[in-house]
Amino acid sequence: MNLFAAIGRAVLILLAQIGRVTRFTGQTLAAIFSPPFYGRLLGQQIMRIGYFSLPVVGLTALSTGAVLALQIYLGGNRYGAEAIVPQIVVLGITRELGPVIAGLMVAGRVAAAIAAELGTMKVTEQIDALTTLATNPIKYLVVPRLLAAVISLPFLTAAGDSIGVLGGYLVSTYNLGFTGSIYLKNTVDFAKNEDITSGLIKAAVFGFIIALMGCYNGFYSKGGAQGVGAATTNAVVSSCCLILAADFVLTAILFHT
Amino acid sequence: MTAMIEIIGLKKRFGPKVVLDGIDLTVEKQSSTVIIGGSGTGKSVAIKSILGIITPDEGTIRIDGQDVTDLRGAARDPLMKKFGMLFQGGALFDSLPVWENVAFGLIQGHGMARAKAKDVAIEKLAKVGLGSDVAYLSPAELSGGMQKRVGLARAIAADPQIIFFDEPTTGLDPIMADVINDLIISTVKDVGATALSITHDMTSARKISDRIAMLYAGKIIWNGPTGDIDHSSNPYVDQFIHGKAEGPIKMAVKA
């Protein structure tokens, strides 16, 4: 009997959680379209979420592109197919690695920061204080972060795509004996618009997930320092898992497979 | 006198734990009522229910004659503009300088221009005894007593009709506590507001209130003029106001 009770309890907790996330999402989406709008805060958040994430996204994209080129070269070498490096690098980066790496890096950086900030505001009653000052906390805190992440992630990914291709280019021309102009021509000729746009669409969805998980976990954190710590961890773990799940679903939808 | 706040049969439980078990309380216009009671007796829950931060399970809350129990979202905005609240820990926004904290309700809630709101904020800071040099500091740079004062300035900034005080003197030294008590009395009189406070500091409760209500086991067990509290002939009240460990109130060691 105890086993059933335990399973039942876990299922109830899960359902309650899904319900809360759904309600939170609904409240946020409704708040996006009704005034007041906080343009100033949106600008601030675009700086914090987007602009300040550029170094970390750029660095990971550069090394991923470089390693990717090296691995494809070594693998292709077995079949005498090492010339395919530029094509595979650009395909892998724009379709998959660019958005996913940008998403995961920003999840670690931003979802954690959002959850910690809003969680601390929650436990120190600052979110309640907003309500008493006739300000809707969802509009004031959640909407600017959500919009900023949805806007920033595609730009970050576009930058990451370019830098990733550059990483492959550098390794290929300096270490693997490719000619620079031919490498670039192969890259540009091979890449299609939909390779790039599909990655940018994914990035926007990942931005939504990151900001939503950060805000939700922050908003519902409780119990002081430990609660804020747990909220931060949950925000990062849940946004990473959801990014990977969404990536699979989006790939299937975008490429009709 | 007419009632500003009317609470009828207010009930709230969290899971199996009944916190408020049918509270009735009336606060007259421009009067000051203090709810006393031990820690964890639901004083904060009562205030947060009136503010709409917590949704009660049962009961009615009327503000100035209007039933506001189920008022939510945008419909609640005009009501929230009548309220001011001083939070226990100050709850100042640490991302904003002091003046913007005080001006927050004016700028965001009432749509006042920033420059004008800043002047009002500095004027309100002067009312709580803080100079304009404090206005540009960050809340983290202030002492506990100064944070309380800024919180008070923020609570009165938009000239609210009702001000709530959550443990206004907790965590302050006795002298600073008295300063805050004086400020509460003068600011509430100044704006002609109705005040509802919760505290377990009896010195503060006696000083700032016209009436005292005692909350115990989810109910108001005594309610009367402040002068009558010493001869309430209620053993629970006597034990609480004299701070005795022995008596009918048993402190639960486990929550």
# chains A, B, ... in the order shown; residues from 1 in each chain; ligands from 1
$ residues_around --residues "B:Leu71" --least-positions-apart "2" --cutoff "12 Å" --atoms "only C-alpha atoms" --output "number ranges by chain"
B: 49-56, 60-63, 66-69, 73-80
$ write_last_selection --atoms "C-alpha atoms" --output "mmCIF file, in the first residue's frame"
data_model
loop_
_atom_site.group_PDB
_atom_site.id
_atom_site.type_symbol
_atom_site.label_atom_id
_atom_site.label_comp_id
_atom_site.auth_asym_id
_atom_site.auth_seq_id
_atom_site.Cartn_x
_atom_site.Cartn_y
_atom_site.Cartn_z
ATOM 1 C CA SER B 49 -5.299 38.433 2.561
ATOM 2 C CA ILE B 50 -6.520 42.037 2.798
ATOM 3 C CA LEU B 51 -3.789 43.107 0.377
ATOM 4 C CA GLY B 52 -4.790 40.343 -2.057
ATOM 5 C CA ILE B 53 -1.356 38.703 -2.006
ATOM 6 C CA ILE B 54 -2.962 35.604 -0.442
ATOM 7 C CA THR B 55 -6.361 34.336 -1.557
ATOM 8 C CA PRO B 56 -8.517 33.401 1.442
ATOM 9 C CA THR B 60 -15.484 38.529 3.077
ATOM 10 C CA ILE B 61 -13.192 41.541 3.044
ATOM 11 C CA ARG B 62 -14.680 45.002 2.543
ATOM 12 C CA ILE B 63 -12.618 48.122 2.022
ATOM 13 C CA GLN B 66 -16.691 47.731 -1.237
ATOM 14 C CA ASP B 67 -16.459 43.938 -1.295
ATOM 15 C CA VAL B 68 -12.919 43.267 -2.553
ATOM 16 C CA THR B 69 -12.594 39.579 -1.667
ATOM 17 C CA GLY B 73 -5.930 41.509 -11.772
ATOM 18 C CA ALA B 74 -6.506 44.895 -13.362
ATOM 19 C CA ALA B 75 -9.791 45.368 -11.474
ATOM 20 C CA ARG B 76 -7.742 45.502 -8.302
ATOM 21 C CA ASP B 77 -5.422 48.317 -9.421
ATOM 22 C CA PRO B 78 -7.539 51.251 -8.151
ATOM 23 C CA LEU B 79 -7.824 49.495 -4.781
ATOM 24 C CA MET B 80 -4.064 48.891 -4.509
#
$ closest_atom_pairs --of "chain A" --to "chain B" --cutoff "9 Å" --atoms "only C-alpha atoms" --output "tab-separated table"
residue	atom	partner	partner_atom	distance
A:Pro36	CA	B:Gln108	CA	8.7
A:Met121	CA	B:Phe93	CA	8.0
A:Thr124	CA	B:Ala91	CA	5.7
A:Glu125	CA	B:Ala91	CA	5.4
A:Gln126	CA	B:Ala91	CA	4.8
A:Ile127	CA	B:Ala91	CA	8.4
A:Asp128	CA	B:Ile53	CA	6.8
A:Ala129	CA	B:Ala91	CA	6.5
A:Leu130	CA	B:Gly105	CA	8.3
A:Thr131	CA	B:Ile53	CA	7.5
A:Thr132	CA	B:Met80	CA	6.1
A:Leu133	CA	B:Gly105	CA	4.7
A:Ala134	CA	B:Gly109	CA	4.9
A:Thr135	CA	B:Gly109	CA	5.7
A:Asn136	CA	B:Gly73	CA	8.2
$ closest_residue --among "A:Ser181, A:Asn2, A:Thr28, A:Gln17" --to "A:Val143" --atoms "only C-alpha atoms"
A:Thr28
$ atom_distance --atom1 "atom CA of A:Leu97" --atom2 "atom CA of A:Val188"
17.7 Å
$ atom_distance --atom1 "atom CA of B:Lys17" --atom2 "atom CA of A:Thr22"
26.5 Å
$ closest_residue --among "A:Val67, A:Ala10, A:Ala102, A:Leu156" --to "A:Gly50" --atoms "only C-alpha atoms"
A:Leu156
$ residues_around --residues "B:Glu58" --least-positions-apart "3" --cutoff "8 Å" --atoms "only C-alpha atoms" --output "ChimeraX atom specification"
/B:9-12
$ write_last_selection --atoms "C-alpha atoms" --output "PDB file, in the first residue's frame"
ATOM      1  CA  GLY B   9     -15.423  35.110   8.773  1.00  0.00           C
ATOM      2  CA  LEU B  10     -12.005  35.019   7.107  1.00  0.00           C
ATOM      3  CA  LYS B  11     -10.588  31.496   6.819  1.00  0.00           C
ATOM      4  CA  LYS B  12      -7.336  30.246   5.355  1.00  0.00           C
TER       5      LYS B  12
END
$ residues_around --residues "A:Ala69" --least-positions-apart "4" --cutoff "8 Å" --atoms "only C-alpha atoms" --output "ChimeraX atom specification"
/A:65,73,85-86,89,168-169,171-172
$ write_last_selection --atoms "N, CA and C atoms" --output "CSV table (one decimal), in the first residue's frame"
chain,number,residue,atom,x,y,z
A,65,GLY,N,33.4,24.8,-33.3
A,65,GLY,CA,33.7,24.8,-34.7
A,65,GLY,C,35.0,24.2,-35.0
A,73,TYR,N,37.5,15.9,-40.2
A,73,TYR,CA,38.6,15.6,-41.0
A,73,TYR,C,39.2,14.2,-40.7
A,85,VAL,N,34.8,18.6,-45.0
A,85,VAL,CA,34.8,19.4,-43.8
A,85,VAL,C,34.0,20.7,-43.8
A,86,PRO,N,34.2,21.6,-44.7
A,86,PRO,CA,33.4,22.9,-44.6
A,86,PRO,C,31.9,22.7,-44.7
A,89,VAL,N,30.7,21.2,-41.3
A,89,VAL,CA,30.8,22.1,-40.2
A,89,VAL,C,29.7,23.1,-40.3
A,168,GLY,N,36.0,26.5,-37.5
A,168,GLY,CA,36.3,25.5,-38.4
A,168,GLY,C,37.3,25.9,-39.5
A,169,TYR,N,37.0,27.1,-39.9
A,169,TYR,CA,37.9,27.7,-41.0
A,169,TYR,C,39.3,27.8,-40.5
A,171,VAL,N,41.0,26.2,-38.1
A,171,VAL,CA,41.7,24.9,-38.0
A,171,VAL,C,42.0,24.3,-39.4
A,172,SER,N,41.0,24.4,-40.3
A,172,SER,CA,41.1,23.8,-41.6
A,172,SER,C,42.2,24.5,-42.4
$ atom_distance --atom1 "atom CA of B:Thr199" --atom2 "atom CA of A:Gly224"
21.5 Å
$ select_by_dssp --residues "stretch 3-152 of chain A" --states "alpha helix (DSSP H)" --output "PyMOL selection string"
chain A and resi 3-32+39-45+54-77+85-92+98-106+112-123+126-132+137+143-152
$ closest_residue --among "A:Val11, A:Leu104, A:Ala116, A:Ala204" --to "A:Lys222" --atoms "only C-alpha atoms"
A:Ala116
$ residues_around --residues "B:Gly42" --least-positions-apart "4" --cutoff "9 Å" --atoms "only C-alpha atoms" --output "PDB file with N, CA and C atoms, in the first residue's frame"
ATOM      1  N   VAL B  19      -4.760  28.096   9.470  1.00  0.00           N
ATOM      2  CA  VAL B  19      -4.084  29.287  10.001  1.00  0.00           C
ATOM      3  C   VAL B  19      -5.093  30.303  10.509  1.00  0.00           C
ATOM      4  N   LEU B  20      -6.060  30.631   9.688  1.00  0.00           N
ATOM      5  CA  LEU B  20      -7.123  31.542  10.115  1.00  0.00           C
ATOM      6  C   LEU B  20      -8.426  30.756  10.140  1.00  0.00           C
ATOM      7  N   GLY B  37      -0.182  38.893  18.682  1.00  0.00           N
ATOM      8  CA  GLY B  37      -0.266  37.441  18.684  1.00  0.00           C
ATOM      9  C   GLY B  37       1.122  36.869  18.513  1.00  0.00           C
ATOM     10  N   GLY B  38       1.296  35.624  18.919  1.00  0.00           N
ATOM     11  CA  GLY B  38       2.604  34.996  18.853  1.00  0.00           C
ATOM     12  C   GLY B  38       3.049  34.788  17.421  1.00  0.00           C
ATOM     13  N   ALA B  46      -3.276  37.280   7.639  1.00  0.00           N
ATOM     14  CA  ALA B  46      -4.453  38.153   7.688  1.00  0.00           C
ATOM     15  C   ALA B  46      -4.214  39.407   6.856  1.00  0.00           C
ATOM     16  N   ILE B  47      -3.066  40.045   7.058  1.00  0.00           N
ATOM     17  CA  ILE B  47      -2.770  41.283   6.320  1.00  0.00           C
ATOM     18  C   ILE B  47      -2.619  41.008   4.831  1.00  0.00           C
ATOM     19  N   LEU B 215      -4.851  37.794  18.237  1.00  0.00           N
ATOM     20  CA  LEU B 215      -5.088  36.620  17.404  1.00  0.00           C
ATOM     21  C   LEU B 215      -4.478  35.413  18.098  1.00  0.00           C
ATOM     22  N   TYR B 216      -5.302  34.379  18.291  1.00  0.00           N
ATOM     23  CA  TYR B 216      -4.775  33.149  18.883  1.00  0.00           C
ATOM     24  C   TYR B 216      -5.538  31.971  18.294  1.00  0.00           C
ATOM     25  N   ALA B 217      -4.816  30.953  17.893  1.00  0.00           N
ATOM     26  CA  ALA B 217      -5.394  29.736  17.318  1.00  0.00           C
ATOM     27  C   ALA B 217      -6.389  30.063  16.198  1.00  0.00           C
ATOM     28  N   GLY B 218      -6.020  31.004  15.350  1.00  0.00           N
ATOM     29  CA  GLY B 218      -6.825  31.295  14.166  1.00  0.00           C
ATOM     30  C   GLY B 218      -8.059  32.136  14.413  1.00  0.00           C
TER      31      GLY B 218
END
$ residues_around --residues "B:Met202" --least-positions-apart "4" --cutoff "12 Å" --atoms "only C-alpha atoms" --output "VMD selection string"
chain B and resid 34 to 38 167 to 170 177 to 178 181 198 206 to 209 212 214 226 229 to 230 237 to 243
$ write_last_selection --atoms "N, CA and C atoms" --output "PDB file, in the first residue's frame"
ATOM      1  N   VAL B  34      -4.015  47.528  16.118  1.00  0.00           N
ATOM      2  CA  VAL B  34      -2.870  46.631  16.105  1.00  0.00           C
ATOM      3  C   VAL B  34      -3.351  45.219  16.384  1.00  0.00           C
ATOM      4  N   ILE B  35      -2.923  44.272  15.571  1.00  0.00           N
ATOM      5  CA  ILE B  35      -3.193  42.863  15.847  1.00  0.00           C
ATOM      6  C   ILE B  35      -1.952  42.303  16.533  1.00  0.00           C
ATOM      7  N   ILE B  36      -2.146  41.762  17.741  1.00  0.00           N
ATOM      8  CA  ILE B  36      -1.027  41.122  18.423  1.00  0.00           C
ATOM      9  C   ILE B  36      -1.230  39.613  18.401  1.00  0.00           C
ATOM     10  N   GLY B  37      -0.182  38.893  18.682  1.00  0.00           N
ATOM     11  CA  GLY B  37      -0.266  37.441  18.684  1.00  0.00           C
ATOM     12  C   GLY B  37       1.122  36.869  18.513  1.00  0.00           C
ATOM     13  N   GLY B  38       1.296  35.624  18.919  1.00  0.00           N
ATOM     14  CA  GLY B  38       2.604  34.996  18.853  1.00  0.00           C
ATOM     15  C   GLY B  38       3.049  34.788  17.421  1.00  0.00           C
ATOM     16  N   GLU B 167       5.196  44.179  11.646  1.00  0.00           N
ATOM     17  CA  GLU B 167       6.282  44.153  12.635  1.00  0.00           C
ATOM     18  C   GLU B 167       7.214  45.350  12.465  1.00  0.00           C
ATOM     19  N   PRO B 168       6.700  46.568  12.642  1.00  0.00           N
ATOM     20  CA  PRO B 168       7.534  47.737  12.298  1.00  0.00           C
ATOM     21  C   PRO B 168       8.774  47.894  13.164  1.00  0.00           C
ATOM     22  N   THR B 169       8.764  47.366  14.383  1.00  0.00           N
ATOM     23  CA  THR B 169       9.908  47.611  15.278  1.00  0.00           C
ATOM     24  C   THR B 169      10.799  46.397  15.479  1.00  0.00           C
ATOM     25  N   THR B 170      10.419  45.270  14.855  1.00  0.00           N
ATOM     26  CA  THR B 170      11.207  44.049  15.053  1.00  0.00           C
ATOM     27  C   THR B 170      12.631  44.234  14.536  1.00  0.00           C
ATOM     28  N   ALA B 177      13.441  51.835  17.814  1.00  0.00           N
ATOM     29  CA  ALA B 177      12.061  51.360  17.780  1.00  0.00           C
ATOM     30  C   ALA B 177      11.104  52.488  18.161  1.00  0.00           C
ATOM     31  N   ASP B 178      11.505  53.271  19.179  1.00  0.00           N
ATOM     32  CA  ASP B 178      10.641  54.365  19.610  1.00  0.00           C
ATOM     33  C   ASP B 178      10.577  55.465  18.554  1.00  0.00           C
ATOM     34  N   ASN B 181       8.189  54.259  16.061  1.00  0.00           N
ATOM     35  CA  ASN B 181       6.825  54.406  16.582  1.00  0.00           C
ATOM     36  C   ASN B 181       6.321  55.833  16.427  1.00  0.00           C
ATOM     37  N   ILE B 198       0.603  44.745  12.581  1.00  0.00           N
ATOM     38  CA  ILE B 198       0.752  43.506  13.330  1.00  0.00           C
ATOM     39  C   ILE B 198       2.093  43.564  14.036  1.00  0.00           C
ATOM     40  N   ARG B 206       1.132  49.337  22.270  1.00  0.00           N
ATOM     41  CA  ARG B 206       0.451  50.310  23.134  1.00  0.00           C
ATOM     42  C   ARG B 206       0.577  51.720  22.581  1.00  0.00           C
ATOM     43  N   LYS B 207       1.749  52.009  22.044  1.00  0.00           N
ATOM     44  CA  LYS B 207       2.019  53.382  21.640  1.00  0.00           C
ATOM     45  C   LYS B 207       1.297  53.788  20.357  1.00  0.00           C
ATOM     46  N   ILE B 208       1.246  52.883  19.380  1.00  0.00           N
ATOM     47  CA  ILE B 208       0.747  53.307  18.063  1.00  0.00           C
ATOM     48  C   ILE B 208      -0.730  52.999  17.847  1.00  0.00           C
ATOM     49  N   SER B 209      -1.398  52.344  18.810  1.00  0.00           N
ATOM     50  CA  SER B 209      -2.759  51.880  18.499  1.00  0.00           C
ATOM     51  C   SER B 209      -3.842  52.632  19.263  1.00  0.00           C
ATOM     52  N   ILE B 212      -6.648  47.312  20.133  1.00  0.00           N
ATOM     53  CA  ILE B 212      -5.794  46.136  19.987  1.00  0.00           C
ATOM     54  C   ILE B 212      -6.693  44.911  19.816  1.00  0.00           C
ATOM     55  N   MET B 214      -6.345  40.610  19.648  1.00  0.00           N
ATOM     56  CA  MET B 214      -5.383  39.529  19.830  1.00  0.00           C
ATOM     57  C   MET B 214      -5.802  38.298  19.039  1.00  0.00           C
ATOM     58  N   THR B 226      -7.180  50.268  23.413  1.00  0.00           N
ATOM     59  CA  THR B 226      -5.837  49.998  23.936  1.00  0.00           C
ATOM     60  C   THR B 226      -5.764  50.156  25.454  1.00  0.00           C
ATOM     61  N   ILE B 229      -6.537  47.013  27.720  1.00  0.00           N
ATOM     62  CA  ILE B 229      -5.842  45.728  27.560  1.00  0.00           C
ATOM     63  C   ILE B 229      -5.284  45.202  28.878  1.00  0.00           C
ATOM     64  N   ASP B 230      -4.998  46.118  29.815  1.00  0.00           N
ATOM     65  CA  ASP B 230      -4.430  45.664  31.083  1.00  0.00           C
ATOM     66  C   ASP B 230      -5.482  45.061  32.017  1.00  0.00           C
ATOM     67  N   VAL B 237      -4.714  36.900  26.960  1.00  0.00           N
ATOM     68  CA  VAL B 237      -4.194  38.249  26.735  1.00  0.00           C
ATOM     69  C   VAL B 237      -3.192  38.607  27.835  1.00  0.00           C
ATOM     70  N   ASP B 238      -3.567  38.306  29.089  1.00  0.00           N
ATOM     71  CA  ASP B 238      -2.673  38.628  30.207  1.00  0.00           C
ATOM     72  C   ASP B 238      -1.327  37.952  30.053  1.00  0.00           C
ATOM     73  N   GLN B 239      -1.383  36.667  29.697  1.00  0.00           N
ATOM     74  CA  GLN B 239      -0.112  35.951  29.535  1.00  0.00           C
ATOM     75  C   GLN B 239       0.736  36.592  28.448  1.00  0.00           C
ATOM     76  N   PHE B 240       0.091  36.973  27.321  1.00  0.00           N
ATOM     77  CA  PHE B 240       0.848  37.522  26.195  1.00  0.00           C
ATOM     78  C   PHE B 240       1.454  38.879  26.518  1.00  0.00           C
ATOM     79  N   ILE B 241       0.634  39.776  27.094  1.00  0.00           N
ATOM     80  CA  ILE B 241       1.146  41.143  27.286  1.00  0.00           C
ATOM     81  C   ILE B 241       2.190  41.203  28.388  1.00  0.00           C
ATOM     82  N   HIS B 242       2.154  40.223  29.293  1.00  0.00           N
ATOM     83  CA  HIS B 242       3.189  40.206  30.322  1.00  0.00           C
ATOM     84  C   HIS B 242       4.348  39.289  29.964  1.00  0.00           C
ATOM     85  N   GLY B 243       4.213  38.600  28.852  1.00  0.00           N
ATOM     86  CA  GLY B 243       5.308  37.760  28.364  1.00  0.00           C
ATOM     87  C   GLY B 243       5.691  36.654  29.313  1.00  0.00           C
TER      88      GLY B 243
END
$ residues_around --residues "stretch 198-203 of chain A" --least-positions-apart "3" --cutoff "9 Å" --atoms "only C-alpha atoms" --output "PyMOL selection string"
chain A and resi 93-100+102-103+150+152-158+193-195+206-208+246-247+250-251+254-255
$ select_by_dssp --residues "stretch 69-159 of chain B" --states "strand (DSSP E)" --output "list in words"
Phe83, Gly84, Met85 and Leu86 of chain B
$ write_last_selection --atoms "C-alpha atoms" --output "JSON list (two decimals), in the first residue's frame"
[["chain", "number", "residue", "atom", "x", "y", "z"],
["B", 83, "PHE", "CA", -2.81, 50.98, 0.17],
["B", 84, "GLY", "CA", 0.65, 51.52, 1.57],
["B", 85, "MET", "CA", 2.65, 48.86, 3.33],
["B", 86, "LEU", "CA", 5.75, 48.78, 5.48]]
